[in-house]
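First up is the structure itself, then whatever we jot down about it.
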Amino acid sequence: MIEEEVRTPAAVRDAQRWTAHNYHPLPVVVSSAEGAWVTDVDGRRYLDCLAGYSALNFGHRHPKLVEAAHAQLDRLTLTSRAFSHDRFADFCRELSQLCGKELVLPMNTGAEAVETGIKVARKWGYRVKGVAAEQANIVVAEGNFHGRTTTIVSFSTDEDARADFGPYTPGFRCVAYGDLDALTAAIDENTVAVLLEPIQGEQGVIVPPAGYLPGVRRVCTERNVLLLADEIQSGLGRTGTTFACEHEDVVPDMYLLGKALGGGIVPVSAVAADAGVLGVLQPGQHGSTFGGNPLAAAVATEVVRLLATGEFQRRSAELGARLHAKLQALVGRGLLAVRGRGLWAGLDIDPALMSGREASERLMTRGVLAKDTHGSTIRLAPPLVITEEELDHAVAQLAAILAE
Ligand SMILES: Cc1ncc(COP(=O)(O)O)c(C=O)c1O
């Protein structure tokens with residue numbers, strides 16, 4: 001065994017021995033991190049170009065977020081929603097204002113935000129739109145990824161995510177992503193919502209054709225259907241704007257948020273909508289013990305304040321332009337295609353060269369952490385605090401493995 005690999009192999013084996021194998025992680029065992037860098041149990045440093053699937057938009061242990069968490073840990077961490085607490089109102093107001101919506105409903109994980117959106121849309125359909133009982137349908141897109149609950153996997157088109165988890169929840173219609181005609185045709189008088197990712201992250205950072213999202217917005221308005229934008233991965237600065245919908249001036253009826261909202265410290269998710277939509281919920285109809293808890297609220301309020309400065313969106317836009325220019329130069333030199341916006345890129349590696357998994361492993365040995373999604377596609381989503389030099393370093397390592 002080479003000297004610097006003293007602890008990693010055993011730590012990898014131990015973790016495999018004691019957990020369900022629902023993930024296939026890279027063989028790296030991280031023990032500390034700061035900003036865009038992580039350090040493993042053997043003291044090796046890696047540039048984190050996945051950023052917790054965008055949950056770490058502000059980097060590891062952003063000083064303001066850690067400070068907010070520490071201060072809150074010393075005062076109050078949980079009340080449940082049976083009582084209120086002194087961090088709740090500020091958090092909800094500031095997040096609502098960031099979203100330009102009248103109300104928010106905080107939850108914990110992304111999947112819970114999606115479930116919340118689905119429940120609210122159905123109830124809105126029955127109580128406001130006047131859909132007949134039990135008849136509501138929601139239009140979704142092929143290639144979607146909205147989480148892992150039984151209802152959400154019911155409308156997944158990824159067989160790995162879906163197979164063997166039935167019986168499936170009815171009430172969803174799936175159409176090709178980016179095809180406005182197909183989406184329009186799927187809407188009927190019982191359609192209560194269209195649920196979409198403005199950019200499909202897990203599918204490989206798929207950006208829909210220009211005009212698609214505005215078209216969806218127009219159709220939803222004309223047909224009295226709610227537009228639910230799942231910005232759990234695409235939102236909160238990742239694409240160079242607060243929300244990916246902004247690139248095409250689209251304002252959805254509901255934002256579904258998660259990941260970066262918790263600052264990489266605690267799981268925090270939320271939906272944001274106006275009172276005519278979120279107001280359909282009454283006491284007892286939805287909730288979560290930990291939703292909007294004091295620790296979550298303290299950290300997420302600070303996240304909202306970081307975003308309100310606009311600095312992270314600006315960094316993502318500027319560095320993202322640099323990243324995409326450099327990646328485009330590799331198309332034809334090992335890359336077949338590059339997609340994305342801001343500091344977010346899906347790269348299709350020539351499968352004749354290597355699989356996405358192999359690319360991730362080779363990058364890892366060169367000190368860059370990224371992860372494959374499907375087949376030969378890998379995704380780059382570094383923390384928005386990454387510097388120009390660090391970004392250039394990551395692309396140089398990619399170019400090196402493509403040339404090897
Ligand atoms: C677009 C999108 N929606 C929802 C989710 C689910 O979030 P969580 O894993 O926090 O439940 C994810 C997670 O990757 C996601 O990318």
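Residue names in the structure tokens use chain letters A, B, ... in the order shown, residue numbers from 1 in each chain, and ligand numbers from 1 in the order shown.
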
Could I get the residues of region 117-233 of chain A with an atom no further than 8 Å from an atom of region 338-343 of chain A, each paired with its nearest atom pair and that distance in Å to one decimal, using only C-alpha atoms, sorted by chain and residue number, as a tab-separated table?
```
residue	atom	partner	partner_atom	distance
A:Val205	CA	A:Gly340	CA	5.7
A:Ile206	CA	A:Arg339	CA	6.6
A:Val207	CA	A:Gly340	CA	6.2
```

Residue selection dump (C-alpha atoms) as a JSON list (two decimals), in the first residue's frame:
```
[["chain", "number", "residue", "atom", "x", "y", "z"],
["A", 205, "VAL", "CA", -27.71, 19.86, -17.49],
["A", 206, "ILE", "CA", -30.20, 20.00, -20.35],
["A", 207, "VAL", "CA", -31.10, 23.57, -21.33]]
```

Close residues, Val140 (chain A) itself excluded, 8 Å, only C-alpha atoms, min 2 positions apart in chain, as JSON, numbers by chain: {"A": [138, 142, 144, 155, 172, 173, 174, 175, 194, 195, 196]}

From the options A:His374, A:Arg357, A:Lys119, A:Arg238, which residue's atoms come nearest to His286 (chain A), counting only C-alpha atoms? A:Lys119

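Residues with any atom within 8 Å of Thr301 (chain A), counting only C-alpha atoms and excluding same-chain neighbours fewer than 2 positions away, are A:Asp90, A:Phe91, A:Glu94, A:Leu95, A:Ala297, A:Ala298, A:Val299, A:Val303, A:Val304, A:Arg305.
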
With ligand 1 as the partner and 10 Å as the cut-off, tabulate the residues of chain A that qualify, each row holding the nearest pair of atoms and their distance in Å to one decimal, using only C-alpha atoms and all ligand atoms, sorted by chain and rising number, as JSON lines.
```
{"residue": "A:Gly52", "atom": "CA", "partner": "ligand 1", "partner_atom_place_in_ligand_line": "14 (O)", "distance": 9.2}
{"residue": "A:Tyr53", "atom": "CA", "partner": "ligand 1", "partner_atom_place_in_ligand_line": "14 (O)", "distance": 6.4}
{"residue": "A:Ser54", "atom": "CA", "partner": "ligand 1", "partner_atom_place_in_ligand_line": "16 (O)", "distance": 8.4}
{"residue": "A:Ala55", "atom": "CA", "partner": "ligand 1", "partner_atom_place_in_ligand_line": "10 (O)", "distance": 8.7}
{"residue": "A:Asn108", "atom": "CA", "partner": "ligand 1", "partner_atom_place_in_ligand_line": "10 (O)", "distance": 7.6}
{"residue": "A:Thr109", "atom": "CA", "partner": "ligand 1", "partner_atom_place_in_ligand_line": "10 (O)", "distance": 4.0}
{"residue": "A:Gly110", "atom": "CA", "partner": "ligand 1", "partner_atom_place_in_ligand_line": "7 (O)", "distance": 3.3}
{"residue": "A:Ala111", "atom": "CA", "partner": "ligand 1", "partner_atom_place_in_ligand_line": "11 (O)", "distance": 3.7}
{"residue": "A:Glu112", "atom": "CA", "partner": "ligand 1", "partner_atom_place_in_ligand_line": "11 (O)", "distance": 6.5}
{"residue": "A:Ala113", "atom": "CA", "partner": "ligand 1", "partner_atom_place_in_ligand_line": "4 (C)", "distance": 7.8}
{"residue": "A:Val114", "atom": "CA", "partner": "ligand 1", "partner_atom_place_in_ligand_line": "4 (C)", "distance": 6.7}
{"residue": "A:Glu115", "atom": "CA", "partner": "ligand 1", "partner_atom_place_in_ligand_line": "4 (C)", "distance": 9.7}
{"residue": "A:Asn144", "atom": "CA", "partner": "ligand 1", "partner_atom_place_in_ligand_line": "1 (C)", "distance": 7.7}
{"residue": "A:Phe145", "atom": "CA", "partner": "ligand 1", "partner_atom_place_in_ligand_line": "2 (C)", "distance": 5.5}
{"residue": "A:His146", "atom": "CA", "partner": "ligand 1", "partner_atom_place_in_ligand_line": "3 (N)", "distance": 3.6}
{"residue": "A:Gly147", "atom": "CA", "partner": "ligand 1", "partner_atom_place_in_ligand_line": "6 (C)", "distance": 3.7}
{"residue": "A:Arg148", "atom": "CA", "partner": "ligand 1", "partner_atom_place_in_ligand_line": "11 (O)", "distance": 6.6}
{"residue": "A:Thr149", "atom": "CA", "partner": "ligand 1", "partner_atom_place_in_ligand_line": "11 (O)", "distance": 8.2}
{"residue": "A:Ile152", "atom": "CA", "partner": "ligand 1", "partner_atom_place_in_ligand_line": "4 (C)", "distance": 9.2}
{"residue": "A:Leu196", "atom": "CA", "partner": "ligand 1", "partner_atom_place_in_ligand_line": "1 (C)", "distance": 8.5}
{"residue": "A:Glu197", "atom": "CA", "partner": "ligand 1", "partner_atom_place_in_ligand_line": "1 (C)", "distance": 5.9}
{"residue": "A:Pro198", "atom": "CA", "partner": "ligand 1", "partner_atom_place_in_ligand_line": "1 (C)", "distance": 8.8}
{"residue": "A:Ile199", "atom": "CA", "partner": "ligand 1", "partner_atom_place_in_ligand_line": "1 (C)", "distance": 8.3}
{"residue": "A:Gln200", "atom": "CA", "partner": "ligand 1", "partner_atom_place_in_ligand_line": "1 (C)", "distance": 6.8}
{"residue": "A:Gly201", "atom": "CA", "partner": "ligand 1", "partner_atom_place_in_ligand_line": "16 (O)", "distance": 5.8}
{"residue": "A:Glu202", "atom": "CA", "partner": "ligand 1", "partner_atom_place_in_ligand_line": "16 (O)", "distance": 6.1}
{"residue": "A:Gln203", "atom": "CA", "partner": "ligand 1", "partner_atom_place_in_ligand_line": "16 (O)", "distance": 9.3}
{"residue": "A:Ala229", "atom": "CA", "partner": "ligand 1", "partner_atom_place_in_ligand_line": "1 (C)", "distance": 9.1}
{"residue": "A:Asp230", "atom": "CA", "partner": "ligand 1", "partner_atom_place_in_ligand_line": "1 (C)", "distance": 5.5}
{"residue": "A:Glu231", "atom": "CA", "partner": "ligand 1", "partner_atom_place_in_ligand_line": "1 (C)", "distance": 6.1}
{"residue": "A:Ile232", "atom": "CA", "partner": "ligand 1", "partner_atom_place_in_ligand_line": "2 (C)", "distance": 4.9}
{"residue": "A:Gln233", "atom": "CA", "partner": "ligand 1", "partner_atom_place_in_ligand_line": "16 (O)", "distance": 4.6}
{"residue": "A:Ser234", "atom": "CA", "partner": "ligand 1", "partner_atom_place_in_ligand_line": "1 (C)", "distance": 7.0}
{"residue": "A:Gly235", "atom": "CA", "partner": "ligand 1", "partner_atom_place_in_ligand_line": "1 (C)", "distance": 9.2}
{"residue": "A:Leu256", "atom": "CA", "partner": "ligand 1", "partner_atom_place_in_ligand_line": "3 (N)", "distance": 8.0}
{"residue": "A:Leu257", "atom": "CA", "partner": "ligand 1", "partner_atom_place_in_ligand_line": "3 (N)", "distance": 8.2}
{"residue": "A:Gly258", "atom": "CA", "partner": "ligand 1", "partner_atom_place_in_ligand_line": "10 (O)", "distance": 6.2}
{"residue": "A:Lys259", "atom": "CA", "partner": "ligand 1", "partner_atom_place_in_ligand_line": "10 (O)", "distance": 5.9}
{"residue": "A:Ala260", "atom": "CA", "partner": "ligand 1", "partner_atom_place_in_ligand_line": "10 (O)", "distance": 9.8}
{"residue": "A:Pro267", "atom": "CA", "partner": "ligand 1", "partner_atom_place_in_ligand_line": "10 (O)", "distance": 7.3}
{"residue": "A:Val268", "atom": "CA", "partner": "ligand 1", "partner_atom_place_in_ligand_line": "10 (O)", "distance": 8.3}
{"residue": "A:Ser269", "atom": "CA", "partner": "ligand 1", "partner_atom_place_in_ligand_line": "10 (O)", "distance": 7.6}
```

Where does region 37-124 of chain A meet region 274-283 of chain A within 9 Å, residue by residue, with the nearest atom pair and distance in Å to one decimal for each, counting only C-alpha atoms, listed by chain and rising number, as CSV?
```
residue,atom,partner,partner_atom,distance
A:Gly100,CA,A:Asp274,CA,8.8
A:Lys101,CA,A:Asp274,CA,5.2
A:Glu102,CA,A:Asp274,CA,4.5
A:Leu103,CA,A:Asp274,CA,5.7
A:Val104,CA,A:Leu278,CA,7.7
A:Leu105,CA,A:Leu278,CA,8.0
A:Val120,CA,A:Leu278,CA,6.6
A:Ala121,CA,A:Val277,CA,7.6
A:Lys123,CA,A:Val280,CA,6.7
A:Trp124,CA,A:Val280,CA,6.2
```

Convert the current residue selection to file output with C-alpha atoms, as a PDB file, in the first residue's frame.
```
ATOM      1  CA  GLY A 100     -41.044  38.121  -5.310  1.00  0.00           C
ATOM      2  CA  LYS A 101     -43.864  36.046  -3.832  1.00  0.00           C
ATOM      3  CA  GLU A 102     -46.337  36.734  -1.030  1.00  0.00           C
ATOM      4  CA  LEU A 103     -45.800  33.580   1.022  1.00  0.00           C
ATOM      5  CA  VAL A 104     -43.392  30.735   1.634  1.00  0.00           C
ATOM      6  CA  LEU A 105     -43.799  27.324   3.213  1.00  0.00           C
ATOM      7  CA  VAL A 120     -50.878  22.570  -3.099  1.00  0.00           C
ATOM      8  CA  ALA A 121     -51.473  22.401  -6.865  1.00  0.00           C
ATOM      9  CA  LYS A 123     -55.855  21.422  -3.678  1.00  0.00           C
ATOM     10  CA  TRP A 124     -55.769  24.663  -5.654  1.00  0.00           C
TER      11      TRP A 124
END
```

What's the 7 Å shell around region 389-401 of chain A, counting only C-alpha atoms, without same-chain residues fewer than 5 positions away, as a PyMOL selection string? chain A and resi 362-363+366+368

Which residues are close to Thr79 (chain A), i.e. within 12 Å by only C-alpha atoms, leaving aside same-chain residues fewer than 6 positions away? Reply as a PyMOL selection string. chain A and resi 85-88+288-297

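In this model, the gap between CA of His70 (chain A) and CA of Arg45 (chain A) comes to 25.7 Å.
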
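Atom to atom, CA of Glu302 (chain A) and CA of Arg379 (chain A) stand 27.3 Å apart.
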